[in-house]
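Data block for upload_2.cif (mmCIF, C-alpha atoms and all ligand atoms):
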```
data_my_file
loop_
_atom_site.group_PDB
_atom_site.id
_atom_site.type_symbol
_atom_site.label_atom_id
_atom_site.label_comp_id
_atom_site.auth_asym_id
_atom_site.auth_seq_id
_atom_site.Cartn_x
_atom_site.Cartn_y
_atom_site.Cartn_z
ATOM 1 C CA MET A 248 13.996 -5.605 7.327
ATOM 2 C CA ASN A 249 14.758 -2.700 9.608
ATOM 3 C CA THR A 250 12.122 0.032 9.742
ATOM 4 C CA SER A 251 14.317 2.628 11.449
ATOM 5 C CA ASN A 252 14.890 4.193 7.993
ATOM 6 C CA SER A 253 11.241 5.170 7.994
ATOM 7 C CA ILE A 254 11.643 8.630 9.437
ATOM 8 C CA ILE A 255 8.988 11.241 10.044
ATOM 9 C CA GLN A 256 9.601 14.235 7.846
ATOM 10 C CA GLU A 257 8.057 17.648 8.206
ATOM 11 C CA ILE A 258 6.917 19.155 4.942
ATOM 12 C CA ARG A 259 5.924 22.710 4.182
ATOM 13 C CA PHE A 260 3.922 22.621 0.962
ATOM 14 C CA PRO A 261 3.313 25.927 -0.780
ATOM 15 C CA ILE A 262 -0.374 26.600 -1.441
ATOM 16 C CA SER A 263 -0.076 30.207 -2.528
ATOM 17 C CA GLU A 264 2.512 32.963 -2.365
ATOM 18 C CA ASN A 265 1.975 33.604 1.330
ATOM 19 C CA GLU A 266 0.473 30.347 2.531
ATOM 20 C CA SER A 267 1.938 26.905 3.145
ATOM 21 C CA PHE A 268 0.370 23.684 4.354
ATOM 22 C CA CYS A 269 2.505 21.998 7.042
ATOM 23 C CA PHE A 270 2.219 18.276 7.676
ATOM 24 C CA GLU A 271 4.305 15.212 8.512
ATOM 25 C CA VAL A 272 5.176 12.312 6.248
ATOM 26 C CA LYS A 273 5.893 8.807 7.519
ATOM 27 C CA ARG A 274 8.548 7.709 5.072
ATOM 28 C CA ASP A 275 7.834 3.990 4.769
ATOM 29 C CA ASP A 276 9.106 4.334 1.200
ATOM 30 C CA LEU A 277 12.597 4.453 2.735
ATOM 31 C CA ILE A 278 12.368 1.015 4.401
ATOM 32 C CA ASP A 279 13.786 -0.613 1.260
ATOM 33 C CA PRO A 280 13.625 0.204 -2.464
ATOM 34 C CA ILE A 281 11.824 -3.090 -3.189
ATOM 35 C CA VAL A 282 10.405 -4.408 0.090
ATOM 36 C CA SER A 283 9.019 -0.957 0.424
ATOM 37 C CA GLY A 284 6.334 0.872 2.316
ATOM 38 C CA ASN A 285 3.294 -1.043 3.427
ATOM 39 C CA LYS A 286 4.498 -4.166 1.589
ATOM 40 C CA TRP A 287 7.068 -4.930 4.270
ATOM 41 C CA ARG A 288 4.494 -4.184 6.976
ATOM 42 C CA LYS A 289 2.143 -6.745 5.456
ATOM 43 C CA LEU A 290 4.833 -9.389 4.963
ATOM 44 C CA GLU A 291 6.600 -9.210 8.317
ATOM 45 C CA TYR A 292 4.309 -11.481 10.353
ATOM 46 C CA ASN A 293 3.497 -13.691 7.373
ATOM 47 C CA LEU A 294 7.199 -14.503 6.970
ATOM 48 C CA LEU A 295 7.492 -15.239 10.684
ATOM 49 C CA LYS A 296 4.606 -17.653 10.236
ATOM 50 C CA VAL A 297 6.441 -19.465 7.422
ATOM 51 C CA GLU A 298 9.307 -20.091 9.813
ATOM 52 C CA GLU A 299 7.137 -20.960 12.790
ATOM 53 C CA LEU A 300 5.050 -23.471 10.820
ATOM 54 C CA ASN A 301 8.132 -24.914 9.114
ATOM 55 C CA LYS A 302 6.678 -24.262 5.671
ATOM 56 C CA THR A 303 8.795 -25.101 2.630
ATOM 57 C CA GLY A 304 8.046 -21.884 0.766
ATOM 58 C CA ILE A 305 5.616 -19.075 0.186
ATOM 59 C CA ILE A 306 3.022 -18.628 -2.581
ATOM 60 C CA THR A 307 1.388 -15.341 -3.388
ATOM 61 C CA PHE A 308 -0.560 -13.618 -6.166
ATOM 62 C CA GLY A 309 -0.425 -10.415 -8.162
ATOM 63 C CA GLY A 310 -0.801 -8.547 -11.426
ATOM 64 C CA ALA A 311 1.951 -7.835 -13.934
ATOM 65 C CA PHE A 312 3.254 -4.734 -12.113
ATOM 66 C CA SER A 313 2.486 -5.856 -8.577
ATOM 67 C CA ASN A 314 4.499 -4.141 -5.847
ATOM 68 C CA HIS A 315 3.407 -6.931 -3.520
ATOM 69 C CA LEU A 316 4.761 -9.680 -5.761
ATOM 70 C CA VAL A 317 8.262 -8.264 -6.096
ATOM 71 C CA ALA A 318 8.388 -7.272 -2.410
ATOM 72 C CA THR A 319 7.514 -10.861 -1.495
ATOM 73 C CA ALA A 320 10.185 -12.168 -3.874
ATOM 74 C CA LYS A 321 12.939 -10.096 -2.282
ATOM 75 C CA ALA A 322 11.796 -10.523 1.330
ATOM 76 C CA ALA A 323 11.526 -14.285 0.858
ATOM 77 C CA GLN A 324 14.978 -14.443 -0.684
ATOM 78 C CA LEU A 325 16.452 -12.457 2.222
ATOM 79 C CA GLY A 326 14.754 -14.891 4.607
ATOM 80 C CA GLY A 327 16.039 -17.925 2.684
ATOM 81 C CA VAL A 328 12.493 -18.997 1.784
ATOM 82 C CA PRO A 329 11.623 -20.225 -1.751
ATOM 83 C CA SER A 330 8.812 -18.187 -3.300
ATOM 84 C CA VAL A 331 6.186 -18.733 -5.981
ATOM 85 C CA GLY A 332 4.278 -15.901 -7.646
ATOM 86 C CA VAL A 333 0.987 -16.603 -9.403
ATOM 87 C CA VAL A 334 0.607 -13.875 -12.016
ATOM 88 C CA ARG A 335 -2.611 -12.728 -13.638
ATOM 89 C CA GLY A 336 -2.254 -12.958 -17.436
ATOM 90 C CA ASP A 337 -1.175 -16.047 -19.364
ATOM 91 C CA GLU A 338 0.168 -13.903 -22.206
ATOM 92 C CA LEU A 339 2.971 -12.690 -19.891
ATOM 93 C CA THR A 340 6.460 -14.077 -19.358
ATOM 94 C CA SER A 341 9.169 -13.418 -16.783
ATOM 95 C CA ASP A 342 10.666 -11.018 -19.349
ATOM 96 C CA SER A 343 7.531 -8.928 -19.895
ATOM 97 C CA ASN A 344 8.449 -5.975 -17.675
ATOM 98 C CA PRO A 345 10.970 -4.773 -15.055
ATOM 99 C CA THR A 346 8.783 -5.925 -12.135
ATOM 100 C CA LEU A 347 8.486 -9.502 -13.376
ATOM 101 C CA LYS A 348 12.190 -9.561 -14.289
ATOM 102 C CA ALA A 349 13.031 -8.445 -10.763
ATOM 103 C CA CYS A 350 10.786 -11.146 -9.272
ATOM 104 C CA THR A 351 12.713 -13.755 -11.246
ATOM 105 C CA ASN A 352 16.051 -12.253 -10.243
ATOM 106 C CA TYR A 353 15.034 -12.546 -6.581
ATOM 107 C CA GLY A 354 14.480 -16.250 -7.173
ATOM 108 C CA MET A 355 10.703 -16.241 -7.392
ATOM 109 C CA GLU A 356 9.172 -18.962 -9.557
ATOM 110 C CA LEU A 357 6.455 -17.347 -11.644
ATOM 111 C CA VAL A 358 3.302 -19.184 -12.693
ATOM 112 C CA PHE A 359 1.239 -17.384 -15.324
ATOM 113 C CA VAL A 360 -2.476 -18.035 -15.303
ATOM 114 C CA SER A 361 -5.402 -16.786 -17.361
ATOM 115 C CA ARG A 362 -7.590 -14.096 -15.848
ATOM 116 C CA ALA A 363 -10.419 -16.614 -15.558
ATOM 117 C CA ALA A 364 -8.273 -19.068 -13.593
ATOM 118 C CA TYR A 365 -6.901 -16.235 -11.479
ATOM 119 C CA SER A 366 -10.309 -15.023 -10.465
ATOM 120 C CA GLY A 367 -10.855 -18.465 -8.994
ATOM 121 C CA GLN A 368 -7.978 -18.024 -6.577
ATOM 122 C CA CYS A 369 -10.291 -18.105 -3.584
ATOM 123 C CA GLU A 370 -11.725 -21.471 -4.559
ATOM 124 C CA SER A 371 -10.379 -24.347 -2.556
ATOM 125 C CA THR A 372 -9.878 -26.632 -5.572
ATOM 126 C CA TYR A 373 -7.586 -24.037 -7.107
ATOM 127 C CA MET A 374 -5.628 -23.725 -3.874
ATOM 128 C CA ASN A 375 -5.413 -27.505 -3.556
ATOM 129 C CA ASP A 376 -4.016 -27.775 -7.086
ATOM 130 C CA LEU A 377 -1.410 -25.162 -6.236
ATOM 131 C CA LEU A 378 -0.451 -26.951 -3.042
ATOM 132 C CA MET A 379 -0.154 -30.251 -4.922
ATOM 133 C CA ARG A 380 2.327 -28.554 -7.195
ATOM 134 C CA PHE A 381 4.135 -26.721 -4.371
ATOM 135 C CA PRO A 382 3.697 -28.920 -1.303
ATOM 136 C CA GLY A 383 4.115 -27.451 2.163
ATOM 137 C CA HIS A 384 3.942 -23.856 0.954
ATOM 138 C CA TYR A 385 2.361 -21.060 2.938
ATOM 139 C CA ILE A 386 -0.220 -19.015 1.032
ATOM 140 C CA VAL A 387 -0.413 -15.250 1.293
ATOM 141 C CA PRO A 388 -3.464 -13.754 -0.456
ATOM 142 C CA GLU A 389 -3.084 -11.085 -3.147
ATOM 143 C CA GLY A 390 -1.929 -7.776 -1.724
ATOM 144 C CA GLY A 391 -0.974 -9.415 1.591
ATOM 145 C CA LYS A 392 -4.600 -9.173 2.631
ATOM 146 C CA ASN A 393 -4.857 -11.331 5.739
ATOM 147 C CA TYR A 394 -4.842 -10.969 9.512
ATOM 148 C CA TYR A 395 -1.040 -10.959 9.743
ATOM 149 C CA GLY A 396 -0.854 -8.341 7.019
ATOM 150 C CA MET A 397 -3.225 -6.137 8.937
ATOM 151 C CA ILE A 398 -1.487 -6.424 12.303
ATOM 152 C CA GLY A 399 1.867 -5.645 10.679
ATOM 153 C CA CYS A 400 0.391 -2.351 9.482
ATOM 154 C CA GLN A 401 -0.397 -1.398 13.074
ATOM 155 C CA HIS A 402 3.288 -0.661 13.541
ATOM 156 C CA ILE A 403 3.144 2.335 11.215
ATOM 157 C CA LEU A 404 1.310 4.726 13.558
ATOM 158 C CA LYS A 405 3.030 3.257 16.613
ATOM 159 C CA GLU A 406 6.271 4.666 15.223
ATOM 160 C CA THR A 407 4.754 8.182 15.230
ATOM 161 C CA ASP A 408 3.258 10.563 17.812
ATOM 162 C CA ASN A 409 -0.113 8.953 16.981
ATOM 163 C CA ASP A 410 -2.016 12.085 17.953
ATOM 164 C CA TYR A 411 -3.010 13.399 14.534
ATOM 165 C CA ASP A 412 -6.231 15.087 13.508
ATOM 166 C CA HIS A 413 -5.961 13.517 10.045
ATOM 167 C CA VAL A 414 -4.012 10.617 8.569
ATOM 168 C CA TYR A 415 -3.954 10.110 4.779
ATOM 169 C CA LEU A 416 -2.890 7.008 2.909
ATOM 170 C CA ALA A 417 -3.502 5.161 -0.350
ATOM 171 C CA GLY A 418 -5.632 2.021 -0.495
ATOM 172 C CA GLY A 419 -5.813 -1.048 -2.731
ATOM 173 C CA THR A 420 -7.135 -3.994 -0.729
ATOM 174 C CA GLY A 421 -7.597 -1.740 2.326
ATOM 175 C CA THR A 422 -5.424 -3.958 4.532
ATOM 176 C CA THR A 423 -3.076 -1.106 5.385
ATOM 177 C CA GLY A 424 -5.989 1.243 6.017
ATOM 178 C CA ALA A 425 -7.553 -1.328 8.372
ATOM 179 C CA GLY A 426 -4.304 -1.725 10.330
ATOM 180 C CA VAL A 427 -3.792 2.020 10.523
ATOM 181 C CA LEU A 428 -7.383 2.608 11.620
ATOM 182 C CA VAL A 429 -7.332 0.077 14.475
ATOM 183 C CA SER A 430 -4.044 1.455 15.766
ATOM 184 C CA SER A 431 -5.190 5.100 15.576
ATOM 185 C CA LYS A 432 -6.420 6.854 18.656
ATOM 186 C CA GLY A 433 -9.053 9.236 19.955
ATOM 187 C CA LYS A 434 -9.913 11.890 17.490
ATOM 188 C CA THR A 435 -7.841 10.810 14.484
ATOM 189 C CA LYS A 436 -9.694 10.791 11.188
ATOM 190 C CA VAL A 437 -8.219 8.204 8.807
ATOM 191 C CA HIS A 438 -8.610 8.920 5.081
ATOM 192 C CA VAL A 439 -8.024 6.008 2.714
ATOM 193 C CA ILE A 440 -7.890 6.995 -0.932
ATOM 194 C CA SER A 441 -8.798 4.039 -3.111
ATOM 195 C CA SER A 442 -6.757 3.449 -6.230
ATOM 196 C CA LEU A 443 -9.223 0.934 -7.565
ATOM 197 C CA LYS A 444 -12.559 1.274 -9.300
ATOM 198 C CA GLY A 445 -15.678 0.749 -7.222
ATOM 199 C CA ASP A 446 -16.990 1.468 -3.756
ATOM 200 C CA PHE A 447 -16.104 -1.800 -2.028
ATOM 201 C CA LEU A 448 -13.274 -0.521 0.138
ATOM 202 C CA TYR A 449 -15.291 0.866 3.040
ATOM 203 C CA LYS A 450 -17.134 -2.451 3.401
ATOM 204 C CA ASP A 451 -13.937 -4.474 3.013
ATOM 205 C CA ILE A 452 -12.230 -2.539 5.794
ATOM 206 C CA GLN A 453 -15.300 -2.932 7.970
ATOM 207 C CA GLU A 454 -15.249 -6.700 7.391
ATOM 208 C CA MET A 455 -11.559 -6.931 8.285
ATOM 209 C CA LEU A 456 -12.210 -5.033 11.510
ATOM 210 C CA ILE A 457 -15.144 -7.245 12.444
ATOM 211 C CA LEU A 458 -13.041 -10.358 11.889
ATOM 212 C CA ALA A 459 -10.239 -8.928 13.988
ATOM 213 C CA LEU A 460 -12.233 -7.313 16.791
ATOM 214 C CA PHE A 461 -15.352 -9.537 17.026
ATOM 215 C CA ASP A 462 -17.446 -6.632 18.308
ATOM 216 C CA GLU A 463 -19.663 -4.639 15.937
ATOM 217 C CA GLU A 464 -20.054 -1.782 18.372
ATOM 218 C CA ILE A 465 -16.316 -1.269 18.760
ATOM 219 C CA VAL A 466 -15.940 -1.583 14.985
ATOM 220 C CA GLY A 467 -18.685 1.004 14.543
ATOM 221 C CA ASP A 468 -16.722 3.485 16.646
ATOM 222 C CA PHE A 469 -13.668 2.979 14.461
ATOM 223 C CA MET A 470 -15.681 3.220 11.254
ATOM 224 C CA GLU A 471 -16.940 6.653 12.267
ATOM 225 C CA ARG A 472 -13.382 7.895 12.057
ATOM 226 C CA LEU A 473 -12.775 6.367 8.612
ATOM 227 C CA GLU A 474 -13.255 8.162 5.341
ATOM 228 C CA VAL A 475 -12.859 6.152 2.163
ATOM 229 C CA VAL A 476 -12.432 8.189 -0.994
ATOM 230 C CA SER A 477 -13.264 6.427 -4.258
ATOM 231 C CA ASP A 478 -13.240 9.418 -6.562
ATOM 232 C CA ASN A 479 -11.058 7.717 -9.141
ATOM 233 C CA TYR A 480 -8.850 10.712 -9.609
ATOM 234 C CA PHE A 481 -7.196 11.146 -12.969
ATOM 235 C CA GLY A 482 -9.326 8.476 -14.614
ATOM 236 C CA GLY A 483 -8.999 5.588 -12.123
ATOM 237 C CA TYR A 484 -6.708 2.640 -11.423
ATOM 238 C CA GLY A 485 -3.604 2.473 -13.520
ATOM 239 C CA LYS A 486 -4.690 5.515 -15.515
ATOM 240 C CA VAL A 487 -2.007 8.123 -15.795
ATOM 241 C CA ASN A 488 -2.657 11.369 -17.611
ATOM 242 C CA GLU A 489 -0.577 14.486 -18.212
ATOM 243 C CA GLU A 490 -2.225 16.300 -15.315
ATOM 244 C CA LEU A 491 -1.139 13.567 -12.907
ATOM 245 C CA ILE A 492 2.420 13.546 -14.245
ATOM 246 C CA THR A 493 2.569 17.330 -13.824
ATOM 247 C CA PHE A 494 1.309 17.009 -10.247
ATOM 248 C CA ILE A 495 3.909 14.324 -9.409
ATOM 249 C CA ASN A 496 6.663 16.479 -10.862
ATOM 250 C CA ASP A 497 5.457 19.597 -9.001
ATOM 251 C CA VAL A 498 5.408 17.742 -5.684
ATOM 252 C CA PHE A 499 8.883 16.379 -6.379
ATOM 253 C CA HIS A 500 10.338 19.810 -7.153
ATOM 254 C CA GLN A 501 8.677 21.404 -4.135
ATOM 255 C CA THR A 502 9.265 18.706 -1.498
ATOM 256 C CA HIS A 503 11.704 16.140 -2.959
ATOM 257 C CA LEU A 504 9.071 13.495 -2.220
ATOM 258 C CA LYS A 505 8.801 10.832 -4.895
ATOM 259 C CA LEU A 506 5.214 9.794 -5.520
ATOM 260 C CA ASP A 507 4.135 6.895 -7.713
ATOM 261 C CA PRO A 508 1.416 7.327 -10.346
ATOM 262 C CA ILE A 509 -0.818 4.475 -9.142
ATOM 263 C CA TYR A 510 -1.208 4.970 -5.402
ATOM 264 C CA THR A 511 0.594 7.665 -3.427
ATOM 265 C CA SER A 512 0.134 10.558 -5.871
ATOM 266 C CA LYS A 513 -3.642 10.173 -5.796
ATOM 267 C CA ALA A 514 -3.730 10.056 -1.975
ATOM 268 C CA PHE A 515 -1.455 13.092 -1.795
ATOM 269 C CA PHE A 516 -3.634 14.954 -4.279
ATOM 270 C CA ASN A 517 -6.692 14.234 -2.138
ATOM 271 C CA MET A 518 -4.939 15.544 0.980
ATOM 272 C CA ILE A 519 -3.926 18.796 -0.740
ATOM 273 C CA SER A 520 -7.500 19.207 -2.030
ATOM 274 C CA ASP A 521 -8.853 18.737 1.506
ATOM 275 C CA TYR A 522 -6.541 21.462 2.749
ATOM 276 C CA LYS A 523 -7.571 23.821 -0.036
ATOM 277 C CA SER A 524 -11.275 23.164 0.577
ATOM 278 C CA GLY A 525 -10.915 23.849 4.305
ATOM 279 C CA LYS A 526 -11.669 20.274 5.390
ATOM 280 C CA ILE A 527 -8.227 20.334 6.989
ATOM 281 C CA LYS A 528 -7.795 23.369 9.255
ATOM 282 C CA SER A 529 -4.460 25.149 9.309
ATOM 283 C CA THR A 530 -4.077 24.263 13.014
ATOM 284 C CA ASP A 531 -4.706 20.522 12.401
ATOM 285 C CA LYS A 532 -1.909 18.017 12.863
ATOM 286 C CA VAL A 533 -1.738 15.920 9.699
ATOM 287 C CA LEU A 534 0.207 12.807 8.711
ATOM 288 C CA PHE A 535 0.681 11.437 5.213
ATOM 289 C CA ILE A 536 1.816 7.795 5.133
ATOM 290 C CA HIS A 537 4.113 7.215 2.166
ATOM 291 C CA THR A 538 3.306 3.603 1.338
ATOM 292 C CA GLY A 539 6.179 3.240 -1.158
ATOM 293 C CA GLY A 540 5.487 1.723 -4.563
ATOM 294 C CA LEU A 541 8.467 3.262 -6.308
ATOM 295 C CA GLN A 542 9.827 0.017 -7.837
ATOM 296 C CA GLY A 543 9.380 -0.565 -11.540
ATOM 297 C CA ALA A 544 9.491 3.159 -12.244
ATOM 298 C CA GLU A 545 11.815 2.769 -15.229
ATOM 299 C CA VAL A 546 8.725 2.580 -17.420
ATOM 300 C CA TRP A 547 8.094 6.282 -16.566
ATOM 301 C CA LYS A 548 11.551 7.461 -17.595
ATOM 302 C CA GLY A 549 11.380 10.747 -19.490
ATOM 303 C CA LYS A 550 7.989 11.632 -17.995
ATOM 304 C CA ILE A 551 8.382 11.531 -14.226
ATOM 305 C CA ASP A 552 11.335 13.696 -13.222
ATOM 306 C CA TRP A 553 12.479 11.647 -10.213
ATOM 307 C CA VAL A 554 12.930 8.429 -12.247
HETATM 308 C C1 LIG A 601 0.009 -1.972 -2.476
HETATM 309 C C2 LIG A 601 0.021 -0.528 -2.253
HETATM 310 C C3 LIG A 601 -1.037 0.138 -1.613
HETATM 311 C C4 LIG A 601 -2.312 -0.568 -1.235
HETATM 312 O O1 LIG A 601 -2.228 -1.186 0.029
HETATM 313 P P1 LIG A 601 -3.472 -2.003 0.596
HETATM 314 O O2 LIG A 601 -3.016 -2.497 1.913
HETATM 315 O O3 LIG A 601 -3.712 -3.143 -0.356
HETATM 316 O O4 LIG A 601 -4.632 -1.104 0.674
HETATM 317 C C5 LIG A 601 -0.907 1.488 -1.363
HETATM 318 N N1 LIG A 601 0.201 2.164 -1.738
HETATM 319 C C6 LIG A 601 1.224 1.562 -2.369
HETATM 320 C C7 LIG A 601 2.376 2.374 -2.797
HETATM 321 C C8 LIG A 601 1.172 0.205 -2.651
HETATM 322 O O5 LIG A 601 2.186 -0.382 -3.301
#
```

Translate the structure of the given file into structure tokens.
Amino acid sequence: MNTSNSIIQEIRFPISENESFCFEVKRDDLIDPIVSGNKWRKLEYNLLKVEELNKTGIITFGGAFSNHLVATAKAAQLGGVPSVGVVRGDELTSDSNPTLKACTNYGMELVFVSRAAYSGQCESTYMNDLLMRFPGHYIVPEGGKNYYGMIGCQHILKETDNDYDHVYLAGGTGTTGAGVLVSSKGKTKVHVISSLKGDFLYKDIQEMLILALFDEEIVGDFMERLEVVSDNYFGGYGKVNEELITFINDVFHQTHLKLDPIYTSKAFFNMISDYKSGKIKSTDKVLFIHTGGLQGAEVWKGKIDWV
């Protein structure tokens, strides 16, 4: 996958009649419609590992609408690697929704498991059973959350000026936030807006940094420049209300940016709020990382104007 499509775009967002907020957007959503945004960043080194270790295929995990699952399916197919997707929910089938249909079309073998079995995915017996069924496969954790996922995300800022006062991005597992944070420099404040319920993200990112950097003092310096927002805007993960749809449509009409209802819209909303509240100064240099997530949007047809 070539990341040269991921341009940096300058946006002038109207705040009031005589005031606009100017910032840059790193358009990782343009890398590919399916292997999009941070999903390619997290897969790049994992797929190289599959080749290097001569693995026979790749296994990964996700929910019914998982951007990570379908990105893995397409990236694996392009790399000529068989893929297996373990899906949370044994009531589902490969026909249940456009995301799962696309996974199947990209040649991914789907295995549907109950939520109870899925929550055991970290247990070694569960992994051993999977590897008995799919011998020689390389396992990528849910959301691409591993060391290789994190170092792939370090490329994002390296393709920019990397001298921002503020960087905003959406978070799920925090892997992208961790990669962005360790590759950021000097004064940059990194804001990760969690799409999930709960306050675990700050700690999770801290743990990833400790594992990667070994040194708690160095990690502490990075953590001082991290802000994790877990405000659960618009009702929390997967919740989409009229107000959010209106916001997504407003942003689209004003900037032509397409934001998804789960991740990027909530991060964008937080950034605009920070500008309005004065947390971002008008002289600050600001970057929004568009992490993609636009696949599977057919389900929003008739509501979201860009679909
Ligand atoms: C998966 C996803 C995220 C979350 O990335 P993490 O590395 O898990 O924090 C953010 N934005 C979009 C659009 C995504 O698809």

**Item:** Spatial neighbours of Leu534 in chain A, 10 Å, all atoms listed in the file, chain gap at least 2 places, as a count of residues only
**Value:** 26

**Test item: residues at most 7 Å from range 395-403 of chain A, only C-alpha atoms, excluding those fewer than 6 positions along its chain, as a PyMOL selection string** = chain A and resi 285+288-293+422-423+425-427+430

**Prompt:** So which residues get picked by the PyMOL selection byres (((chain A and resi 296) around 12) and not hetatm) here, written as an MDAnalysis selection string?
**Reply:** chainID A and resid 290:295 297:305 326 328 384:387 394:396

Evaluate the PyMOL selection byres (((chain A and resi 329-339) around 7) and not hetatm) and report residues as a JSON list (two decimals) with C-alpha atoms, in the coordinates of the input:
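Once written, out-v6.json looks like this:
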```
[["chain", "number", "residue", "atom", "x", "y", "z"],
["A", 304, "GLY", "CA", 8.05, -21.88, 0.77],
["A", 305, "ILE", "CA", 5.62, -19.08, 0.19],
["A", 306, "ILE", "CA", 3.02, -18.63, -2.58],
["A", 307, "THR", "CA", 1.39, -15.34, -3.39],
["A", 308, "PHE", "CA", -0.56, -13.62, -6.17],
["A", 309, "GLY", "CA", -0.42, -10.42, -8.16],
["A", 310, "GLY", "CA", -0.80, -8.55, -11.43],
["A", 311, "ALA", "CA", 1.95, -7.84, -13.93],
["A", 316, "LEU", "CA", 4.76, -9.68, -5.76],
["A", 320, "ALA", "CA", 10.18, -12.17, -3.87],
["A", 323, "ALA", "CA", 11.53, -14.28, 0.86],
["A", 324, "GLN", "CA", 14.98, -14.44, -0.68],
["A", 327, "GLY", "CA", 16.04, -17.92, 2.68],
["A", 328, "VAL", "CA", 12.49, -19.00, 1.78],
["A", 340, "THR", "CA", 6.46, -14.08, -19.36],
["A", 341, "SER", "CA", 9.17, -13.42, -16.78],
["A", 343, "SER", "CA", 7.53, -8.93, -19.90],
["A", 355, "MET", "CA", 10.70, -16.24, -7.39],
["A", 356, "GLU", "CA", 9.17, -18.96, -9.56],
["A", 357, "LEU", "CA", 6.46, -17.35, -11.64],
["A", 358, "VAL", "CA", 3.30, -19.18, -12.69],
["A", 359, "PHE", "CA", 1.24, -17.38, -15.32],
["A", 360, "VAL", "CA", -2.48, -18.04, -15.30],
["A", 361, "SER", "CA", -5.40, -16.79, -17.36],
["A", 362, "ARG", "CA", -7.59, -14.10, -15.85],
["A", 365, "TYR", "CA", -6.90, -16.24, -11.48]]
```

**Message:** Translate the PyMOL selection byres (((not hetatm)) within 9 of (chain A and resi 601)) into a concrete residue list for this structure, as a ChimeraX atom specification.
**Reply:** /A:276,283-286,289,313-315,389-392,396-397,400,416-426,439-442,448,506-507,509-511,514,537-542

**Request:** Kindly indicate which residue among A:Ser431, A:Ser477, A:Asn352, A:Thr372 lies nearest to Leu443 in chain A, using all atoms listed in the file for the distances.
**Result:** A:Ser477

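Atom pair CA of Pro261 in chain A / CA of Leu504 in chain A has a distance of 13.8 Å (rounded to one decimal).
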
Selection: 12 Å around Pro508 in chain A, all atoms listed in the file, excl. self and same-chain fewer than 2 positions, as a CSV table (one decimal) with C-alpha atoms, in the frame of the given file:
```
chain,number,residue,atom,x,y,z
A,417,ALA,CA,-3.5,5.2,-0.4
A,442,SER,CA,-6.8,3.4,-6.2
A,480,TYR,CA,-8.8,10.7,-9.6
A,481,PHE,CA,-7.2,11.1,-13.0
A,482,GLY,CA,-9.3,8.5,-14.6
A,483,GLY,CA,-9.0,5.6,-12.1
A,484,TYR,CA,-6.7,2.6,-11.4
A,485,GLY,CA,-3.6,2.5,-13.5
A,486,LYS,CA,-4.7,5.5,-15.5
A,487,VAL,CA,-2.0,8.1,-15.8
A,488,ASN,CA,-2.7,11.4,-17.6
A,489,GLU,CA,-0.6,14.5,-18.2
A,490,GLU,CA,-2.2,16.3,-15.3
A,491,LEU,CA,-1.1,13.6,-12.9
A,492,ILE,CA,2.4,13.5,-14.2
A,493,THR,CA,2.6,17.3,-13.8
A,494,PHE,CA,1.3,17.0,-10.2
A,495,ILE,CA,3.9,14.3,-9.4
A,496,ASN,CA,6.7,16.5,-10.9
A,505,LYS,CA,8.8,10.8,-4.9
A,506,LEU,CA,5.2,9.8,-5.5
A,510,TYR,CA,-1.2,5.0,-5.4
A,511,THR,CA,0.6,7.7,-3.4
A,512,SER,CA,0.1,10.6,-5.9
A,513,LYS,CA,-3.6,10.2,-5.8
A,514,ALA,CA,-3.7,10.1,-2.0
A,515,PHE,CA,-1.5,13.1,-1.8
A,516,PHE,CA,-3.6,15.0,-4.3
A,539,GLY,CA,6.2,3.2,-1.2
A,540,GLY,CA,5.5,1.7,-4.6
A,541,LEU,CA,8.5,3.3,-6.3
A,542,GLN,CA,9.8,0.0,-7.8
A,543,GLY,CA,9.4,-0.6,-11.5
A,544,ALA,CA,9.5,3.2,-12.2
A,546,VAL,CA,8.7,2.6,-17.4
A,547,TRP,CA,8.1,6.3,-16.6
A,550,LYS,CA,8.0,11.6,-18.0
A,551,ILE,CA,8.4,11.5,-14.2
A,553,TRP,CA,12.5,11.6,-10.2
A,554,VAL,CA,12.9,8.4,-12.2
```

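Taking CA of Asp451 in chain A as the reference point, CA of Asp521 in chain A is found at 23.8 Å.
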
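With distances restricted to all atoms listed in the file, A:Asp497 is the closest residue to Ile262 in chain A from A:Glu474, A:Asp497, A:Glu463, A:Glu370.
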
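Considering the residues A:Pro382, A:Gly433, A:Gly525, A:Gly467 and counting all atoms listed in the file, Tyr449 in chain A has its shortest atom-to-atom contact with A:Gly467.
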
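Counting only C-alpha atoms and comparing A:Val317, A:Met374, A:Val466, A:Ala322, the residue that lies closest to Met248 in chain A is A:Ala322.
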
**Request:** Record the distance separating CA of Ile457 in chain A and CA of Ser253 in chain A, expressed in Å with one decimal.
**Result:** 29.5 Å

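Residue nearest Asn517 in chain A within the list A:Glu471, A:Asp552, A:Asp342, A:Asp478: A:Asp478 [criterion: smallest interatomic distance, all atoms listed in the file].
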
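For the residues A:Asn265, A:Phe469, A:Ile519, A:Asn249, ranking by smallest atom-to-atom distance to Asp279 in chain A using all atoms listed in the file places A:Asn249 first.
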
Edge lengths and centre in Å to one decimal, as AutoDock Vina command-line options, of the axis-aligned box that encloses all listed atoms of range 333-342 of chain A with 6 Å added on every side?
```
--center_x 4.0 --center_y -13.8 --center_z -15.8 --size_x 25.3 --size_y 17.6 --size_z 24.8
```

**Request:** Please provide the set of residues having any atom within 8 Å of Ile254 in chain A, restricted to all atoms listed in the file, with same-chain residues fewer than 6 positions apart removed, written as a PyMOL selection string.
**Result:** chain A and resi 273-275+277
